[in-house]
>>> print(open('input.txt').read())   # compact mmCIF, C-alpha atoms
# COMPACT_ATOMS: atom_id res chain seq x y z
CA MET C 29 37.08 -30.41 -32.94
CA GLU C 30 39.57 -29.16 -30.36
CA PHE C 31 40.09 -25.43 -29.90
CA GLU C 32 43.24 -23.72 -28.76
CA VAL C 33 43.27 -20.25 -27.27
CA GLU C 34 46.17 -18.30 -28.70
CA GLN C 35 48.32 -16.95 -25.87
CA CYS C 36 49.10 -13.27 -25.50
CA ASN C 37 52.62 -12.06 -24.72
CA PRO C 38 52.35 -8.94 -22.54
CA SER C 39 55.86 -7.78 -23.47
CA SER C 40 55.13 -7.97 -27.15
CA GLU C 41 54.13 -4.88 -29.05
CA GLU C 42 51.84 -6.98 -31.20
CA PRO C 43 48.16 -6.71 -30.28
CA CYS C 44 46.61 -9.73 -28.57
CA PRO C 45 44.46 -11.82 -30.89
CA LEU C 46 40.75 -11.79 -30.03
CA PHE C 47 39.88 -15.09 -31.66
CA ILE C 48 40.16 -18.80 -31.02
CA THR C 49 42.48 -20.73 -33.29
CA GLY C 50 41.44 -24.08 -34.63
CA ALA C 51 37.84 -23.08 -35.16
CA SER C 52 36.27 -22.94 -38.57
CA ASN C 53 34.49 -19.87 -39.86
CA ASN C 54 31.14 -21.64 -39.40
CA ASP C 55 31.91 -22.40 -35.73
CA THR C 56 32.95 -18.82 -35.11
CA MET C 57 29.80 -17.49 -36.76
CA THR C 58 27.63 -19.90 -34.73
CA MET C 59 29.20 -18.81 -31.46
CA SER C 60 28.84 -15.15 -32.39
CA ALA C 61 25.21 -15.64 -33.33
CA LEU C 62 24.54 -17.45 -30.05
CA ALA C 63 26.14 -14.62 -28.09
CA ILE C 64 24.01 -12.07 -29.94
CA VAL C 65 20.81 -14.07 -29.31
CA LEU C 66 21.56 -14.48 -25.61
CA GLY C 67 22.50 -10.83 -25.22
CA THR C 68 19.39 -9.66 -27.07
CA THR C 69 17.16 -11.99 -25.02
CA TRP C 70 18.57 -10.68 -21.75
CA LEU C 71 18.17 -7.08 -22.90
CA LEU C 72 14.55 -7.67 -23.94
CA TYR C 73 13.82 -9.39 -20.62
CA TRP C 74 15.33 -6.50 -18.68
CA ALA C 75 13.43 -3.89 -20.71
CA LEU C 76 10.13 -5.79 -20.50
CA SER C 77 10.39 -6.31 -16.74
CA ARG C 78 11.03 -2.58 -16.23
CA LEU C 79 8.16 -1.70 -18.57
CA LEU C 80 5.74 -3.99 -16.72
CA LEU C 81 6.81 -2.47 -13.41
CA PHE C 82 6.26 1.03 -14.81
CA VAL C 83 2.81 0.05 -16.14
CA ALA C 84 1.94 -1.49 -12.77
CA ILE C 85 2.99 1.68 -10.96
CA LEU C 86 0.87 3.83 -13.29
CA ASN C 87 -2.11 1.53 -12.72
CA ILE C 88 -1.67 1.30 -8.97
CA ILE C 89 -0.69 4.91 -8.34
CA PRO C 90 -2.41 7.67 -10.35
CA LEU C 91 -0.33 10.80 -10.91
CA MET C 92 -1.71 12.69 -7.91
CA VAL C 93 -0.84 9.92 -5.43
CA PHE C 94 2.46 9.28 -7.22
CA VAL C 95 3.51 12.90 -6.61
CA PHE C 96 2.09 12.80 -3.07
CA LEU C 97 4.09 9.73 -2.06
CA TYR C 98 7.34 10.54 -3.81
CA THR C 99 7.43 14.12 -2.54
CA THR C 100 7.10 12.72 0.97
CA SER C 101 9.79 10.14 0.24
CA ILE C 102 12.20 12.81 -1.00
CA TYR C 103 11.67 14.73 2.23
CA CYS C 104 12.44 11.57 4.24
CA HIS C 105 15.73 11.07 2.40
CA LEU C 106 16.68 14.74 2.82
CA TYR C 107 15.84 14.56 6.53
CA LYS C 108 18.00 11.47 6.89
CA THR C 109 20.92 13.21 5.14
CA TRP C 110 20.60 16.51 7.00
CA ASN C 111 20.55 14.75 10.38
CA HIS C 112 23.31 12.27 9.49
CA ILE C 113 21.15 9.29 10.39
CA GLY C 114 22.96 6.02 9.73
CA GLU C 115 21.48 2.80 8.36
CA ASP C 116 22.21 1.06 11.65
CA LEU C 117 19.64 3.14 13.56
CA VAL C 118 16.23 1.67 14.22
CA PHE C 119 13.60 3.34 12.07
CA THR C 120 11.15 3.65 14.93
CA ALA C 121 13.73 5.53 17.00
CA SER C 122 13.12 9.05 18.25
CA VAL C 123 15.46 10.49 15.60
CA TYR C 124 12.57 10.32 13.13
CA GLU C 125 9.89 11.72 15.42
CA ARG C 126 10.19 15.27 14.09
CA ALA C 127 10.04 13.95 10.53
CA ARG C 128 6.88 11.98 11.33
CA ASN C 129 5.24 15.03 12.90
CA ASN C 130 6.18 17.28 9.97
CA ILE C 131 4.88 14.75 7.44
CA ALA C 132 1.69 14.24 9.45
CA TRP C 133 1.12 18.01 9.44
CA GLY C 134 1.64 18.11 5.67
CA TRP C 135 -0.65 15.15 4.99
CA ASP C 136 -3.32 16.63 7.24
CA LEU C 137 -3.15 19.92 5.34
CA ILE C 138 -3.50 18.15 1.97
CA GLY C 139 -6.47 16.19 3.30
CA LYS C 140 -8.22 19.37 4.45
CA ILE C 141 -7.57 21.34 1.27
CA TRP C 142 -8.21 18.69 -1.38
CA PHE C 143 -10.76 16.42 0.28
CA GLY C 144 -12.17 18.50 3.14
CA PHE C 145 -11.12 15.57 5.30
CA GLU C 146 -12.71 15.10 8.71
CA ILE C 147 -12.64 12.32 11.27
CA GLN C 148 -15.25 11.36 13.83
CA GLY C 149 -14.88 8.93 16.72
CA LEU C 150 -11.30 9.43 17.87
CA GLU C 151 -12.60 9.01 21.41
CA ASN C 152 -13.16 5.32 20.59
CA LEU C 153 -9.41 4.76 20.36
CA PRO C 154 -7.65 3.57 23.51
CA LYS C 155 -5.27 6.09 25.04
CA GLU C 156 -2.74 3.30 25.50
CA GLY C 157 -2.39 -0.37 24.65
CA GLY C 158 -2.83 -2.25 21.40
CA ALA C 159 -5.89 -2.39 19.15
CA ILE C 160 -6.72 -3.39 15.58
CA LEU C 161 -8.40 -0.82 13.34
CA ALA C 162 -10.33 -2.90 10.79
CA TYR C 163 -11.11 -0.57 7.89
CA TYR C 164 -12.88 -0.73 4.55
CA HIS C 165 -10.34 -0.69 1.70
CA GLY C 166 -11.04 2.07 -0.83
CA THR C 167 -9.77 1.88 -4.40
CA ILE C 168 -6.65 3.67 -3.19
CA PRO C 169 -6.51 3.89 0.60
CA ILE C 170 -5.41 7.52 0.61
CA ASP C 171 -7.68 8.00 3.62
CA ILE C 172 -5.34 5.90 5.76
CA TYR C 173 -2.62 8.56 5.39
CA PHE C 174 -5.00 11.19 6.72
CA ILE C 175 -6.13 8.87 9.53
CA ILE C 176 -2.49 8.29 10.50
CA SER C 177 -1.97 12.05 10.58
CA LYS C 178 -5.05 12.80 12.69
CA ILE C 179 -4.22 10.10 15.24
CA ARG C 180 -0.65 11.38 15.52
CA LEU C 181 -1.57 15.07 15.76
CA GLU C 182 -4.67 14.80 17.95
CA CYS C 183 -4.04 11.63 20.00
CA ASN C 184 -0.24 11.65 20.03
CA ARG C 185 -0.20 8.00 18.98
CA SER C 186 1.33 6.17 16.03
CA LEU C 187 -0.70 3.93 13.75
CA ASN C 188 1.08 0.93 12.25
CA THR C 189 -0.37 -0.41 9.01
CA VAL C 190 -0.41 -3.68 7.08
CA ALA C 191 0.16 -3.47 3.32
CA ASP C 192 0.42 -5.81 0.35
CA ARG C 193 3.87 -7.10 -0.55
CA PHE C 194 4.00 -5.16 -3.82
CA VAL C 195 4.23 -1.79 -2.02
CA TYR C 196 7.78 -2.66 -0.98
CA LYS C 197 8.60 -3.25 -4.66
CA LEU C 198 7.88 0.39 -5.52
CA HIS C 199 11.27 2.00 -5.99
CA GLY C 200 12.24 4.87 -3.73
CA LEU C 201 9.53 4.43 -1.08
CA LYS C 202 11.11 1.90 1.28
CA LEU C 203 12.43 4.54 3.69
CA LEU C 204 8.98 6.14 3.91
CA TRP C 205 7.35 2.78 4.64
CA ARG C 206 9.89 1.98 7.33
CA ILE C 207 9.60 5.37 9.02
CA PHE C 208 5.80 5.03 9.22
CA ALA C 209 5.85 1.34 10.19
CA VAL C 210 4.15 0.00 7.07
CA ASN C 211 4.48 -3.77 7.44
CA ILE C 212 4.06 -6.74 5.10
CA GLY C 213 1.94 -8.17 7.88
CA THR C 214 2.83 -11.73 8.80
CA ARG C 215 0.87 -13.06 11.73
CA GLU C 216 3.91 -13.07 14.01
CA VAL C 217 4.78 -9.46 13.16
CA CYS C 218 1.22 -8.25 13.76
CA VAL C 219 0.97 -10.01 17.12
CA ARG C 220 4.30 -8.54 18.22
CA ILE C 221 3.24 -5.01 17.22
CA LEU C 222 0.01 -5.30 19.21
CA LYS C 223 1.62 -6.86 22.26
CA GLU C 224 4.04 -3.94 22.32
CA GLY C 225 1.02 -1.69 22.85
CA ASN C 226 0.66 -0.24 19.33
CA LEU C 227 -2.33 0.48 17.14
CA LEU C 228 -2.48 -1.55 13.92
CA ALA C 229 -4.65 -0.81 10.86
CA ILE C 230 -5.74 -3.81 8.77
CA ALA C 231 -8.07 -3.94 5.76
CA PRO C 232 -9.47 -7.51 5.78
CA GLY C 233 -10.79 -7.08 2.22
CA GLY C 234 -7.33 -6.25 0.91
CA THR C 235 -6.58 -5.66 -2.76
CA ARG C 236 -9.61 -7.63 -3.97
CA GLU C 237 -11.94 -5.25 -2.12
CA ALA C 238 -9.98 -2.25 -3.40
CA TYR C 239 -10.34 -3.24 -7.05
CA PHE C 240 -13.73 -4.90 -7.29
CA SER C 241 -16.04 -3.68 -4.51
CA GLY C 242 -17.48 -0.95 -6.74
CA ASN C 243 -19.67 2.00 -5.80
CA THR C 244 -21.99 -0.28 -3.81
CA TYR C 245 -19.28 -0.44 -1.12
CA THR C 246 -19.69 -4.21 -0.72
CA LEU C 247 -17.31 -5.77 1.80
CA MET C 248 -15.24 -8.52 0.15
CA TRP C 249 -13.61 -10.29 3.06
CA GLY C 250 -14.21 -13.81 1.78
CA GLN C 251 -12.67 -16.34 4.14
CA ARG C 252 -10.02 -13.98 5.50
CA LYS C 253 -9.75 -14.59 9.21
CA GLY C 254 -6.12 -13.71 9.86
CA PHE C 255 -6.91 -10.41 11.56
CA ALA C 256 -9.28 -12.17 13.97
CA LYS C 257 -6.65 -14.78 14.83
CA VAL C 258 -4.16 -11.98 15.48
CA ALA C 259 -6.66 -10.15 17.72
CA MET C 260 -7.35 -13.34 19.65
CA GLU C 261 -3.67 -14.13 20.15
CA ALA C 262 -2.76 -10.56 21.14
CA LYS C 263 -5.95 -10.19 23.23
CA VAL C 264 -6.80 -6.75 21.83
CA PRO C 265 -10.05 -5.06 20.75
CA ILE C 266 -11.05 -4.54 17.12
CA ILE C 267 -12.24 -1.06 16.14
CA PRO C 268 -14.31 -0.67 12.92
CA VAL C 269 -13.37 2.18 10.57
CA PHE C 270 -14.99 3.48 7.37
CA THR C 271 -14.34 6.56 5.23
CA ARG C 272 -17.36 7.96 3.42
CA ASN C 273 -16.90 8.54 -0.34
CA CYS C 274 -13.53 6.77 -0.43
CA ARG C 275 -14.58 5.04 -3.67
CA GLU C 276 -15.58 8.33 -5.26
CA ALA C 277 -12.11 9.86 -4.84
CA PHE C 278 -10.56 7.08 -6.94
CA ARG C 279 -12.31 4.54 -9.14
CA THR C 280 -11.72 1.54 -11.37
CA PRO C 281 -13.44 1.36 -14.79
CA LYS C 282 -16.51 -0.85 -15.17
CA LEU C 283 -15.52 -1.89 -18.69
CA GLY C 284 -13.72 -5.22 -18.66
CA ARG C 285 -14.10 -5.67 -14.90
CA GLY C 286 -15.01 -9.35 -15.32
CA ILE C 287 -11.86 -10.10 -17.31
CA LEU C 288 -9.71 -8.08 -14.92
CA ARG C 289 -11.22 -9.96 -11.96
CA TRP C 290 -10.44 -13.30 -13.63
CA LEU C 291 -6.90 -12.16 -14.40
CA TYR C 292 -6.37 -10.96 -10.83
CA GLU C 293 -7.64 -14.21 -9.30
CA LYS C 294 -5.29 -16.21 -11.53
CA THR C 295 -2.15 -14.09 -11.19
CA ARG C 296 -2.67 -11.68 -8.24
CA ALA C 297 -1.11 -9.10 -10.56
CA PRO C 298 -2.11 -5.52 -9.58
CA LEU C 299 -2.88 -4.42 -13.14
CA VAL C 300 -6.36 -2.95 -12.72
CA PRO C 301 -6.46 0.62 -14.12
CA ILE C 302 -7.30 3.32 -11.58
CA TYR C 303 -8.35 6.90 -12.24
CA GLY C 304 -9.43 9.79 -10.09
CA GLY C 305 -8.10 12.09 -7.44
CA PHE C 306 -11.46 13.88 -7.44
CA PRO C 307 -11.79 16.53 -4.67
CA VAL C 308 -14.76 14.86 -3.01
CA LYS C 309 -15.67 15.05 0.66
CA LEU C 310 -13.90 12.39 2.73
CA LYS C 311 -15.05 11.77 6.28
CA THR C 312 -13.78 8.90 8.42
CA PHE C 313 -15.96 7.27 11.06
CA ILE C 314 -14.40 5.26 13.89
CA GLY C 315 -16.92 3.01 15.61
CA PRO C 316 -16.99 1.68 19.17
CA PRO C 317 -14.51 -1.13 19.86
CA ILE C 318 -15.34 -4.81 19.86
CA GLN C 319 -13.73 -5.86 23.11
CA TRP C 320 -11.70 -9.03 23.30
CA ASP C 321 -13.65 -11.84 24.90
CA PRO C 322 -12.02 -15.21 25.64
CA GLN C 323 -15.40 -16.88 25.04
CA MET C 324 -15.52 -15.76 21.40
CA THR C 325 -14.25 -17.96 18.57
CA VAL C 326 -12.39 -16.69 15.51
CA ASP C 327 -15.61 -16.92 13.49
CA ASP C 328 -17.45 -14.90 16.13
CA ILE C 329 -14.82 -12.16 15.96
CA VAL C 330 -14.94 -12.07 12.14
CA GLN C 331 -18.74 -11.86 12.15
CA LYS C 332 -18.86 -9.06 14.72
CA ALA C 333 -16.14 -7.06 12.93
CA HIS C 334 -17.85 -7.56 9.55
CA GLU C 335 -21.19 -6.42 10.95
CA ALA C 336 -19.58 -3.39 12.60
CA VAL C 337 -17.80 -2.15 9.46
CA GLU C 338 -20.83 -2.91 7.30
CA GLY C 339 -22.98 -1.02 9.79
CA LEU C 340 -20.79 2.08 9.38
CA VAL C 341 -21.11 1.79 5.59
CA HIS C 342 -24.91 1.54 5.69
CA LYS C 343 -25.23 4.35 8.22
CA HIS C 344 -22.93 6.91 6.63
CA GLN C 345 -22.69 6.11 2.90
CA LYS C 346 -25.37 6.76 0.31
CA ILE C 347 -25.43 3.84 -2.13
CA PRO C 348 -24.70 3.73 -4.99
CA GLY C 349 -21.89 6.20 -4.61
CA SER C 350 -21.85 9.33 -6.74
CA ILE C 351 -18.86 11.53 -7.54
CA ARG C 352 -21.11 14.55 -8.07
CA ARG C 353 -22.94 14.10 -4.76
CA ALA C 354 -19.67 13.40 -2.93
CA PHE C 355 -18.24 16.66 -4.26
CA LEU C 356 -21.32 18.66 -3.24
CA GLU C 357 -21.05 17.24 0.28
CA ARG C 358 -18.03 19.49 0.74
CA PHE C 359 -20.49 22.38 0.86
CA TYR C 360 -23.66 20.66 2.06
CA ASP C 361 -23.45 17.64 4.36
CA SER C 362 -26.82 15.95 3.81
CA GLU C 363 -26.17 13.49 6.63
CA GLU C 364 -25.82 16.28 9.18
CA LYS C 365 -29.03 17.93 7.93
CA GLU C 366 -30.95 14.64 8.24
CA GLU C 367 -29.72 14.23 11.82
>>> encode(input="input.txt", output="structure tokens")
Amino acid sequence: MEFEVEQCNPSSEEPCPLFITGASNNDTMTMSALAIVLGTTWLLYWALSRLLLFVAILNIIPLMVFVFLYTTSIYCHLYKTWNHIGEDLVFTASVYERARNNIAWGWDLIGKIWFGFEIQGLENLPKEGGAILAYYHGTIPIDIYFIISKIRLECNRSLNTVADRFVYKLHGLKLLWRIFAVNIGTREVCVRILKEGNLLAIAPGGTREAYFSGNTYTLMWGQRKGFAKVAMEAKVPIIPVFTRNCREAFRTPKLGRGILRWLYEKTRAPLVPIYGGFPVKLKTFIGPPIQWDPQMTVDDIVQKAHEAVEGLVHKHQKIPGSIRRAFLERFYDSEEKEE
């Protein structure tokens, strides 16, 4: 059947017809039904995608960290507005230095008050030049924010970090990530950062270690060798880092961990529930650097870095971890007494 669209005369006072002539009632009803189905499908897709994102954010970021990050992000946007900083300016430019220092001071204060945060081994960091800080990935790496702050305030150096891609999908945080040089972490980007003389923090265990390591603090590096290849190409040392009780501050539930692990391995979806924010004692230990040696292979570098981080875990962390003991360490540091 051929359809004709009835023309509308703009000069006429008659209203324009909103139908197609030549179509039967059944055809009109079919087209209307199809439009309703398509519209409803799109609306459901939009709502479901937003709901899944919201659920993911709640799983990935408990309320305490959610407030912590978004309060900082709001400050970044206000700072940008107050200082009339345009989008064309480089985000590592000096215009953001005061903002970085103010945020570092605020993060450091939160770390001291809520977690009694301390850091040991800053003297192992080079005063200049690039280096990789290979650190154990806690359930939520809130310790890295405090490490960034300490290095900035006490060593006057910036610490670049490598993060999973999904962090850039969290709405409203992109400016914060860019100001503090949080990178997706391709090999080329990491090598460039190091060759420019910057410090770079990498957690070889990544999200898998964060979700499934448990209170035994088992390193889950698998076959990840990218950080070693980057260190070899950039010719920089690797410095082991571990934060005691980082898995007691935030935890993942034991119930259903096997199913969640299977789901993660199949989809890489960050949907593992996280709870916590417990005011336990956090203390970061920075070990002596593993110097770059042209005679070492990638496997040699991985093995030495793994042994160094694992050595910090065994030396400074009581296993299995305990939230109660970690809280009491704020008032009584058993490790110091034993020494």
>>> residues_near_point(input="input.txt", point="(4.8, 1.9, 6.1)", cutoff="9 Å", atoms="all atoms listed in the file", output="PyMOL selection string")
chain C and resi 188-191+195-196+201-212
>>> residues_around(input="input.txt", residues="C:Lys309", least_positions_apart="4", cutoff="6 Å", atoms="all atoms listed in the file", output="MDAnalysis selection string")
chainID C and resid 143:144 354:355 357:358
>>> write_last_selection(input="input.txt", atoms="C-alpha atoms", output="PDB file, in the coordinates of the input")
ATOM      1  CA  PHE C 143     -10.760  16.420   0.280  1.00  0.00           C
ATOM      2  CA  GLY C 144     -12.170  18.500   3.140  1.00  0.00           C
ATOM      3  CA  ALA C 354     -19.670  13.400  -2.930  1.00  0.00           C
ATOM      4  CA  PHE C 355     -18.240  16.660  -4.260  1.00  0.00           C
ATOM      5  CA  GLU C 357     -21.050  17.240   0.280  1.00  0.00           C
ATOM      6  CA  ARG C 358     -18.030  19.490   0.740  1.00  0.00           C
TER       7      ARG C 358
END
>>> residues_around(input="input.txt", residues="C:Gly166", least_positions_apart="2", cutoff="10 Å", atoms="all atoms listed in the file", output="JSON, numbers by chain")
{"C": [163, 164, 168, 169, 170, 171, 172, 231, 233, 234, 235, 237, 238, 239, 240, 241, 242, 243, 245, 270, 271, 272, 273, 274, 275, 276, 277, 278, 279]}
>>> atom_distance(input="input.txt", atom1="atom CA of C:Pro90", atom2="atom CA of C:Gln345")
24.3 Å
>>> closest_residue(input="input.txt", among="C:Ile329, C:Ala229, C:Ile302, C:Leu137", to="C:Met260", atoms="all atoms listed in the file")
C:Ile329
>>> atom_distance(input="input.txt", atom1="atom CA of C:Ser177", atom2="atom CA of C:Glu146")
11.3 Å
